[in-house]
>>> print(open('work-v8.pdb').read())   # PDB, C-alpha atoms
MODEL        1
ATOM      1  CA  MET A  21       0.000   0.000   0.000
ATOM      2  CA  GLN A  22       1.342   3.410  -0.975
ATOM      3  CA  ASP A  23       1.939   6.166   1.572
ATOM      4  CA  SER A  24      -0.920   8.259   0.189
ATOM      5  CA  ASP A  25      -3.224   5.231   0.525
ATOM      6  CA  LYS A  26      -2.051   4.658   4.087
ATOM      7  CA  ALA A  27      -2.781   8.256   4.993
ATOM      8  CA  LEU A  28      -6.261   7.959   3.515
ATOM      9  CA  ARG A  29      -6.841   4.658   5.308
ATOM     10  CA  ASP A  30      -5.789   6.157   8.621
ATOM     11  CA  GLN A  31      -8.149   9.064   8.077
ATOM     12  CA  VAL A  32     -11.046   6.721   7.283
ATOM     13  CA  ARG A  33     -10.266   4.514  10.253
ATOM     14  CA  GLN A  34     -10.298   7.511  12.528
ATOM     15  CA  GLY A  35     -13.809   8.317  11.407
ATOM     16  CA  TRP A  36     -14.778   4.670  11.511
ATOM     17  CA  THR A  37     -14.265   4.255  15.261
ATOM     18  CA  GLY A  38     -17.461   6.211  15.880
ATOM     19  CA  THR A  39     -19.669   3.552  14.269
ATOM     20  CA  GLY A  40     -19.036   1.063  17.070
ATOM     21  CA  ASP A  41     -18.783  -2.629  16.245
ATOM     22  CA  ALA A  42     -19.200  -3.593  19.866
ATOM     23  CA  GLY A  43     -22.592  -4.063  21.432
ATOM     24  CA  SER A  44     -23.268  -7.631  20.442
ATOM     25  CA  SER A  45     -22.526 -10.543  22.710
ATOM     26  CA  PHE A  46     -21.327 -13.617  20.881
ATOM     27  CA  GLU A  47     -22.709 -15.858  23.597
ATOM     28  CA  THR A  48     -26.239 -14.457  23.350
ATOM     29  CA  THR A  49     -26.319 -14.480  19.560
ATOM     30  CA  TRP A  50     -24.823 -17.962  19.397
ATOM     31  CA  GLN A  51     -27.325 -19.387  21.879
ATOM     32  CA  ALA A  52     -30.219 -17.780  20.012
ATOM     33  CA  ALA A  53     -28.897 -19.243  16.770
ATOM     34  CA  GLN A  54     -28.569 -22.686  18.319
ATOM     35  CA  GLU A  55     -32.130 -22.555  19.629
ATOM     36  CA  CYS A  56     -33.373 -21.397  16.256
ATOM     37  CA  HIS A  57     -31.443 -24.195  14.542
ATOM     38  CA  ALA A  58     -32.795 -26.795  16.977
ATOM     39  CA  ALA A  59     -36.350 -25.502  16.491
ATOM     40  CA  GLY A  60     -35.871 -25.687  12.729
ATOM     41  CA  GLN A  61     -34.710 -29.287  13.017
ATOM     42  CA  ARG A  62     -37.706 -30.163  15.229
ATOM     43  CA  HIS A  63     -40.060 -28.608  12.699
ATOM     44  CA  TYR A  64     -38.315 -30.474   9.900
ATOM     45  CA  ARG A  65     -38.615 -33.779  11.776
ATOM     46  CA  ARG A  66     -42.294 -33.166  12.462
ATOM     47  CA  PHE A  67     -42.930 -32.267   8.862
ATOM     48  CA  ALA A  68     -40.966 -35.273   7.641
ATOM     49  CA  GLY A  69     -42.894 -37.532  10.045
ATOM     50  CA  ALA A  70     -46.251 -36.154   8.916
ATOM     51  CA  ALA A  71     -45.219 -36.504   5.272
ATOM     52  CA  ALA A  72     -44.131 -40.109   5.860
ATOM     53  CA  VAL A  73     -47.449 -40.943   7.543
ATOM     54  CA  ALA A  74     -49.403 -39.289   4.735
ATOM     55  CA  ALA A  75     -47.360 -41.193   2.161
ATOM     56  CA  ALA A  76     -47.970 -44.473   4.014
ATOM     57  CA  VAL A  77     -51.727 -43.808   4.092
ATOM     58  CA  VAL A  78     -51.795 -43.027   0.374
ATOM     59  CA  VAL A  79     -49.817 -46.175  -0.387
ATOM     60  CA  ALA A  80     -52.101 -48.272   1.823
ATOM     61  CA  LEU A  81     -55.194 -46.880   0.138
ATOM     62  CA  TYR A  82     -54.130 -46.988  -3.467
ATOM     63  CA  ALA A  83     -51.571 -49.727  -3.650
ATOM     64  CA  GLN A  84     -53.634 -52.646  -2.308
ATOM     65  CA  PRO A  85     -53.368 -55.895  -4.341
ATOM     66  CA  PRO A  86     -56.230 -56.146  -6.897
ATOM     67  CA  ALA A  87     -59.253 -57.932  -5.479
ATOM     68  CA  GLY A  88     -60.108 -61.355  -7.039
ATOM     69  CA  GLU A  89     -62.398 -61.202 -10.063
ATOM     70  CA  SER A  90     -66.005 -61.469  -9.015
ATOM     71  CA  TYR A  91     -68.686 -63.454 -10.889
ATOM     72  CA  ILE A  92     -72.448 -63.090 -10.824
ATOM     73  CA  GLU A  93     -74.360 -66.272 -10.138
ATOM     74  CA  VAL A  94     -76.716 -67.212 -13.029
ATOM     75  CA  ALA A  95     -79.572 -67.912 -10.620
ATOM     76  CA  ASP A  96     -79.173 -64.467  -9.069
ATOM     77  CA  LEU A  97     -79.096 -62.925 -12.488
ATOM     78  CA  LEU A  98     -82.298 -64.711 -13.549
ATOM     79  CA  GLU A  99     -84.040 -63.715 -10.379
ATOM     80  CA  SER A 100     -83.016 -60.178 -10.732
ATOM     81  CA  THR A 101     -85.011 -59.633 -13.915
ATOM     82  CA  TYR A 102     -88.336 -60.576 -15.555
ATOM     83  CA  TRP A 103     -88.775 -61.490 -19.181
ATOM     84  CA  THR A 104     -91.932 -62.043 -21.173
ATOM     85  CA  ALA A 105     -92.162 -63.134 -24.770
ATOM     86  CA  PRO A 106     -93.703 -60.439 -26.993
ATOM     87  CA  SER A 107     -96.433 -62.820 -28.168
ATOM     88  CA  ASP A 108     -97.567 -63.405 -24.583
ATOM     89  CA  ALA A 109     -97.881 -59.742 -24.000
ATOM     90  CA  LEU A 110     -99.374 -58.753 -27.310
ATOM     91  CA  LEU A 111    -101.971 -61.551 -27.847
ATOM     92  CA  PRO A 112    -105.019 -61.766 -25.585
ATOM     93  CA  ASP A 113    -104.898 -64.680 -23.147
ATOM     94  CA  ARG A 114    -106.260 -67.950 -24.624
ATOM     95  CA  GLN A 115    -108.434 -66.198 -27.196
ATOM     96  CA  PHE A 116    -107.464 -68.771 -29.701
ATOM     97  CA  ASP A 117    -104.972 -71.490 -29.999
ATOM     98  CA  ILE A 118    -103.175 -71.408 -33.234
ATOM     99  CA  TYR A 119    -102.453 -75.130 -32.927
ATOM    100  CA  GLN A 120    -106.056 -76.167 -32.117
ATOM    101  CA  ASP A 121    -107.081 -76.829 -35.705
ATOM    102  CA  MET A 122    -104.630 -77.775 -38.295
ATOM    103  CA  PRO A 123    -104.924 -75.319 -41.160
ATOM    104  CA  VAL A 124    -106.172 -76.720 -44.470
ATOM    105  CA  ILE A 125    -103.987 -75.706 -47.238
ATOM    106  CA  PHE A 126    -105.739 -75.323 -50.565
ATOM    107  CA  GLU A 127    -104.532 -77.669 -53.268
ATOM    108  CA  SER A 128    -105.310 -77.059 -56.927
ATOM    109  CA  THR A 129    -106.123 -80.008 -59.174
ATOM    110  CA  GLU A 130    -106.825 -78.118 -62.314
ATOM    111  CA  PRO A 131    -103.994 -77.809 -64.681
ATOM    112  CA  ALA A 132    -103.609 -74.716 -66.685
ATOM    113  CA  GLY A 133    -101.046 -74.524 -69.376
ATOM    114  CA  GLY A 134     -99.067 -77.462 -68.053
ATOM    115  CA  ALA A 135     -99.066 -76.251 -64.462
ATOM    116  CA  LEU A 136    -101.449 -76.474 -61.556
ATOM    117  CA  LEU A 137    -103.467 -73.399 -60.729
TER     118      LEU A 137
ATOM    119  CA  MET B  24      -7.777 -31.984  11.701
ATOM    120  CA  ARG B  25     -11.093 -31.451  13.368
ATOM    121  CA  ASP B  26     -11.333 -29.065  16.316
ATOM    122  CA  SER B  27     -13.025 -30.324  19.429
ATOM    123  CA  ASP B  28     -15.654 -27.575  19.212
ATOM    124  CA  ALA B  29     -16.071 -27.828  15.446
ATOM    125  CA  LEU B  30     -19.604 -27.509  14.179
ATOM    126  CA  ASP B  31     -21.334 -30.767  13.283
ATOM    127  CA  ASN B  32     -22.400 -29.637   9.831
ATOM    128  CA  ASN B  33     -19.372 -27.443   9.207
ATOM    129  CA  PRO B  34     -16.300 -29.337  10.373
ATOM    130  CA  HIS B  35     -13.856 -26.623   9.294
ATOM    131  CA  ILE B  36     -15.452 -24.024  11.568
ATOM    132  CA  SER B  37     -15.021 -23.979  15.301
ATOM    133  CA  ARG B  38     -17.080 -22.062  17.790
ATOM    134  CA  ALA B  39     -13.939 -20.407  19.160
ATOM    135  CA  ALA B  40     -12.945 -19.181  15.690
ATOM    136  CA  LEU B  41     -16.384 -17.636  15.227
ATOM    137  CA  GLU B  42     -16.200 -16.000  18.621
ATOM    138  CA  ALA B  43     -12.835 -14.479  17.693
ATOM    139  CA  ILE B  44     -14.233 -12.725  14.619
ATOM    140  CA  HIS B  45     -17.688 -12.000  16.043
ATOM    141  CA  SER B  46     -17.274  -8.271  16.691
ATOM    142  CA  GLN B  47     -15.688  -7.766  13.275
ATOM    143  CA  VAL B  48     -18.530  -9.559  11.514
ATOM    144  CA  TYR B  49     -21.096  -7.779  13.658
ATOM    145  CA  GLY B  50     -19.635  -4.458  12.513
ATOM    146  CA  TRP B  51     -20.043  -5.583   8.926
ATOM    147  CA  ALA B  52     -23.622  -6.646   9.619
ATOM    148  CA  LEU B  53     -24.275  -3.238  11.185
ATOM    149  CA  SER B  54     -23.084  -1.415   8.124
ATOM    150  CA  ARG B  55     -25.275  -3.706   5.961
ATOM    151  CA  CYS B  56     -28.420  -2.484   7.679
ATOM    152  CA  ASP B  57     -27.747   1.199   8.150
ATOM    153  CA  PHE B  58     -26.440   0.688  11.680
ATOM    154  CA  ASP B  59     -29.665  -0.692  13.064
ATOM    155  CA  HIS B  60     -28.529  -2.893  15.957
ATOM    156  CA  ALA B  61     -31.665  -5.074  16.101
ATOM    157  CA  THR B  62     -31.440  -5.906  12.392
ATOM    158  CA  ALA B  63     -27.706  -6.530  12.683
ATOM    159  CA  GLU B  64     -28.285  -8.937  15.594
ATOM    160  CA  ASP B  65     -30.903 -10.700  13.526
ATOM    161  CA  LEU B  66     -28.526 -10.964  10.580
ATOM    162  CA  MET B  67     -25.811 -12.398  12.810
ATOM    163  CA  GLN B  68     -28.183 -14.948  14.255
ATOM    164  CA  GLN B  69     -29.338 -15.936  10.772
ATOM    165  CA  ALA B  70     -25.721 -16.252   9.650
ATOM    166  CA  TYR B  71     -24.908 -18.551  12.576
ATOM    167  CA  VAL B  72     -27.992 -20.659  11.841
ATOM    168  CA  GLU B  73     -26.779 -21.019   8.253
ATOM    169  CA  LEU B  74     -23.404 -22.179   9.546
ATOM    170  CA  LEU B  75     -24.902 -24.530  12.142
ATOM    171  CA  SER B  76     -27.233 -26.145   9.631
ATOM    172  CA  GLY B  77     -24.502 -26.465   7.024
ATOM    173  CA  ASN B  78     -26.487 -24.503   4.449
ATOM    174  CA  ALA B  79     -23.455 -22.240   4.223
ATOM    175  CA  ARG B  80     -20.542 -24.635   4.112
ATOM    176  CA  PHE B  81     -16.993 -23.488   4.689
ATOM    177  CA  ASP B  82     -14.407 -25.533   2.808
ATOM    178  CA  ASN B  83     -11.204 -23.648   3.684
ATOM    179  CA  LYS B  84     -10.932 -22.059   0.242
ATOM    180  CA  SER B  85     -10.771 -18.604   1.814
ATOM    181  CA  THR B  86     -10.242 -17.236   5.288
ATOM    182  CA  LEU B  87     -13.055 -17.791   7.765
ATOM    183  CA  SER B  88     -13.731 -14.069   8.155
ATOM    184  CA  THR B  89     -14.045 -13.633   4.379
ATOM    185  CA  PHE B  90     -16.478 -16.519   4.283
ATOM    186  CA  VAL B  91     -18.632 -15.296   7.182
ATOM    187  CA  PHE B  92     -18.597 -11.755   5.776
ATOM    188  CA  SER B  93     -19.952 -13.190   2.504
ATOM    189  CA  VAL B  94     -22.678 -15.084   4.337
ATOM    190  CA  VAL B  95     -23.774 -11.894   6.104
ATOM    191  CA  GLN B  96     -23.597  -9.945   2.847
ATOM    192  CA  ASN B  97     -25.794 -12.485   1.034
ATOM    193  CA  LEU B  98     -28.315 -12.626   3.877
ATOM    194  CA  ALA B  99     -28.486  -8.823   3.978
ATOM    195  CA  ARG B 100     -29.026  -8.720   0.224
ATOM    196  CA  SER B 101     -31.845 -11.249   0.277
ATOM    197  CA  ARG B 102     -33.444  -9.456   3.233
ATOM    198  CA  PHE B 103     -33.191  -6.151   1.378
ATOM    199  CA  ARG B 104     -34.812  -7.731  -1.685
ATOM    200  CA  ARG B 105     -37.691  -9.073   0.415
ATOM    201  CA  VAL B 106     -38.222  -5.776   2.174
ATOM    202  CA  SER B 107     -38.070  -3.764  -1.020
ATOM    203  CA  SER B 108     -40.527  -6.048  -2.806
ATOM    204  CA  ARG B 109     -42.948  -5.719   0.135
ATOM    205  CA  LEU B 110     -42.476  -1.966   0.111
ATOM    206  CA  ARG B 111     -43.231  -1.904  -3.616
ATOM    207  CA  LEU B 112     -46.457  -3.812  -2.946
ATOM    208  CA  VAL B 113     -47.460  -1.485  -0.139
ATOM    209  CA  LYS B 114     -46.553   1.503  -2.267
ATOM    210  CA  LYS B 115     -48.731   0.158  -5.037
ATOM    211  CA  TYR B 116     -51.816  -0.500  -2.953
ATOM    212  CA  HIS B 117     -51.552   1.685   0.108
ATOM    213  CA  ARG B 118     -49.318   4.642  -0.415
ATOM    214  CA  GLU B 119     -50.301   6.408   2.805
ATOM    215  CA  ALA B 120     -49.310   3.429   4.941
ATOM    216  CA  ILE B 121     -45.657   3.898   4.064
ATOM    217  CA  VAL B 122     -45.555   7.423   5.370
ATOM    218  CA  GLN B 123     -47.055   6.311   8.676
ATOM    219  CA  SER B 124     -45.186   3.041   9.207
ATOM    220  CA  VAL B 125     -41.641   3.522   7.917
ATOM    221  CA  GLU B 126     -39.385   4.885  10.590
ATOM    222  CA  THR B 127     -35.953   6.002   9.624
ATOM    223  CA  THR B 128     -33.005   4.927  11.695
ATOM    224  CA  GLU B 129     -30.827   7.653  13.044
ATOM    225  CA  PRO B 130     -27.417   7.218  11.439
ATOM    226  CA  PRO B 131     -24.436   7.362  13.731
ATOM    227  CA  VAL B 132     -22.776  10.713  14.180
ATOM    228  CA  ASP B 133     -20.441  11.242  11.270
ATOM    229  CA  ASP B 134     -17.293  13.190  11.161
ATOM    230  CA  GLY B 135     -16.082  14.560   7.849
ATOM    231  CA  VAL B 136     -14.175  11.540   6.588
ATOM    232  CA  TRP B 137     -16.806   8.983   7.355
ATOM    233  CA  ARG B 138     -19.480  11.244   5.943
ATOM    234  CA  ALA B 139     -17.482  11.253   2.724
ATOM    235  CA  VAL B 140     -17.301   7.455   2.807
ATOM    236  CA  ARG B 141     -21.048   7.167   3.329
ATOM    237  CA  ALA B 142     -21.650   9.448   0.384
ATOM    238  CA  LEU B 143     -19.862   7.041  -1.965
ATOM    239  CA  PRO B 144     -21.804   4.617  -4.182
ATOM    240  CA  ALA B 145     -22.606   1.368  -2.348
ATOM    241  CA  ARG B 146     -19.931  -0.832  -3.932
ATOM    242  CA  GLN B 147     -17.215   1.750  -3.425
ATOM    243  CA  ARG B 148     -18.293   2.304   0.166
ATOM    244  CA  ASP B 149     -18.271  -1.442   0.795
ATOM    245  CA  ILE B 150     -14.793  -2.006  -0.556
ATOM    246  CA  ILE B 151     -13.403   0.948   1.364
ATOM    247  CA  GLU B 152     -14.941  -0.388   4.561
ATOM    248  CA  LEU B 153     -13.671  -3.913   3.948
ATOM    249  CA  VAL B 154     -10.134  -2.937   2.980
ATOM    250  CA  PHE B 155      -9.539   0.066   5.219
ATOM    251  CA  CYS B 156     -11.534  -0.842   8.309
ATOM    252  CA  ARG B 157     -11.855  -4.646   8.224
ATOM    253  CA  GLU B 158      -8.320  -5.204   6.968
ATOM    254  CA  LEU B 159      -9.256  -7.496   4.131
ATOM    255  CA  THR B 160      -7.223  -7.598   0.947
ATOM    256  CA  ILE B 161      -8.834  -6.362  -2.262
ATOM    257  CA  GLU B 162      -9.169  -9.982  -3.382
ATOM    258  CA  GLN B 163     -10.924 -10.978  -0.166
ATOM    259  CA  ALA B 164     -13.144  -7.909  -0.257
ATOM    260  CA  SER B 165     -14.099  -8.680  -3.860
ATOM    261  CA  ALA B 166     -15.026 -12.227  -2.823
ATOM    262  CA  VAL B 167     -17.216 -10.888  -0.021
ATOM    263  CA  MET B 168     -18.927  -8.501  -2.430
ATOM    264  CA  GLY B 169     -19.361 -11.236  -5.013
ATOM    265  CA  VAL B 170     -17.374  -9.481  -7.745
ATOM    266  CA  THR B 171     -14.176 -10.389  -9.539
ATOM    267  CA  LYS B 172     -10.843  -9.136  -8.274
ATOM    268  CA  GLY B 173     -10.556  -6.809 -11.286
ATOM    269  CA  THR B 174     -13.960  -5.264 -10.637
ATOM    270  CA  GLY B 175     -13.103  -4.940  -6.959
ATOM    271  CA  ARG B 176      -9.911  -3.126  -7.809
ATOM    272  CA  VAL B 177     -11.787  -0.724 -10.085
ATOM    273  CA  HIS B 178     -14.262   0.065  -7.284
ATOM    274  CA  TYR B 179     -11.375   0.502  -4.857
ATOM    275  CA  ASP B 180      -9.457   2.913  -7.110
ATOM    276  CA  ARG B 181     -12.556   4.945  -7.900
ATOM    277  CA  ALA B 182     -13.498   5.088  -4.232
ATOM    278  CA  LYS B 183     -10.073   6.338  -3.229
ATOM    279  CA  LYS B 184     -10.118   8.954  -5.969
ATOM    280  CA  ALA B 185     -13.602  10.148  -4.990
ATOM    281  CA  LEU B 186     -12.679  10.237  -1.316
ATOM    282  CA  ARG B 187      -9.529  12.265  -1.930
ATOM    283  CA  GLU B 188     -11.435  14.740  -4.067
ATOM    284  CA  ARG B 189     -14.140  15.212  -1.451
ATOM    285  CA  LEU B 190     -11.729  15.568   1.412
ATOM    286  CA  GLN B 191      -9.658  18.043  -0.575
ATOM    287  CA  HIS B 192     -12.806  19.976  -1.469
ATOM    288  CA  TRP B 193     -13.886  20.147   2.161
ATOM    289  CA  ALA B 194     -10.396  21.144   3.262
ATOM    290  CA  GLU B 195     -10.442  24.022   0.781
ATOM    291  CA  GLU B 196     -13.867  25.137   1.986
ATOM    292  CA  GLU B 197     -12.668  25.263   5.568
TER     293      GLU B 197
ENDMDL
END
>>> encode(input="work-v8.pdb", output="structure tokens")
Amino acid sequence: MQDSDKALRDQVRQGWTGTGDAGSSFETTWQAAQECHAAGQRHYRRFAGAAAVAAAVVVALYAQPPAGESYIEVADLLESTYWTAPSDALLPDRQFDIYQDMPVIFESTEPAGGALL
Amino acid sequence: MRDSDALDNNPHISRAALEAIHSQVYGWALSRCDFDHATAEDLMQQAYVELLSGNARFDNKSTLSTFVFSVVQNLARSRFRRVSSRLRLVKKYHREAIVQSVETTEPPVDDGVWRAVRALPARQRDIIELVFCRELTIEQASAVMGVTKGTGRVHYDRAKKALRERLQHWAEEE
């Protein structure tokens, strides 16, 4: 450092003494910092614990093994519904029996032009 | 070698070493917050928490004081950013509130020289404080300020020039 710089530095330092670096106790600040650090760690542990529990719950809920395939019993299925044939519903009950009399089918015996009428 | 009172998360820092530089670092913290003692205490506490937790990890690449000075500087910067962004919000939505709530801190009594230092631009003021009052080299001071050595030297030279001019001007006036 040059002489002119040293003179300037000394001048600045002289003025600097008035700003006062003292006034802070290391012990007090250090203890406060340690408490703050410990509190931060406690909070972190609590948060990590809560997050782990939440993750475990989510895994338990959504990662269960798939349940076995379920089948519906045929009997239950048949009982659960009612089916009627359209003819039963549309035709009046026992009004006539289409199989009572055998229908007579007309047969032609007269030929016309080489074929039966 | 690990000191017996080395920090768990920062094995290269010992409690005794921090205690030895405490008042020096506290002075730096004070000048970071316009000499408000409560804010400076808060900054110091935050800096120690950073060291205890290992968020700011010292790896012996610089001196301990340079490193802790940088930690305080960075914390002060981020605090200033937070405060200024909140102030911008308040200013935007509730201009009157600022006038009522912001209290200015009384600066310490200045004599001529220190008044001249305080009148310098922030970077120049910082490097003058670090080199002249905290006895850091220009390289160390540049590291604390987060600038290259070349930039630090430029700030240093300009600061000295500006200081000399002001002091000479005041001397002529008297």
>>> resolve_selection(input="work-v8.pdb", expression="the PyMOL selection byres ((chain A) within 9 of (chain B))", output="PyMOL selection string")
chain A and resi 25-26+28-36+38-47+49-54+56-57+61
>>> atom_distance(input="work-v8.pdb", atom1="atom CA of A:Val77", atom2="atom CA of A:Arg62")
22.5 Å
>>> residues_near_point(input="work-v8.pdb", point="(-16.0, -12.6, -0.4)", cutoff="9 Å", atoms="all atoms listed in the file", output="NGL selection string")
:B and (85 or 88-94 or 96 or 162-170)
>>> atom_distance(input="work-v8.pdb", atom1="atom CA of B:Ala99", atom2="atom CA of B:Asp28")
27.4 Å
>>> atom_distance(input="work-v8.pdb", atom1="atom CA of B:Leu159", atom2="atom CA of B:Pro34")
23.8 Å
>>> axis_aligned_box(input="work-v8.pdb", around="stretch 124-130 of chain A", padding_each_side="8 Å", output="AutoDock Vina command-line options")
--center_x -105.4 --center_y -77.7 --center_z -53.4 --size_x 18.8 --size_y 20.7 --size_z 33.8
>>> closest_residue(input="work-v8.pdb", among="B:Arg146, B:Arg55, B:Lys172, B:Lys115", to="B:Phe103", atoms="all atoms listed in the file")
B:Arg55
>>> closest_residue(input="work-v8.pdb", among="B:His35, B:Leu143, B:Leu30, B:Ala194", to="B:Lys84", atoms="all atoms listed in the file")
B:His35
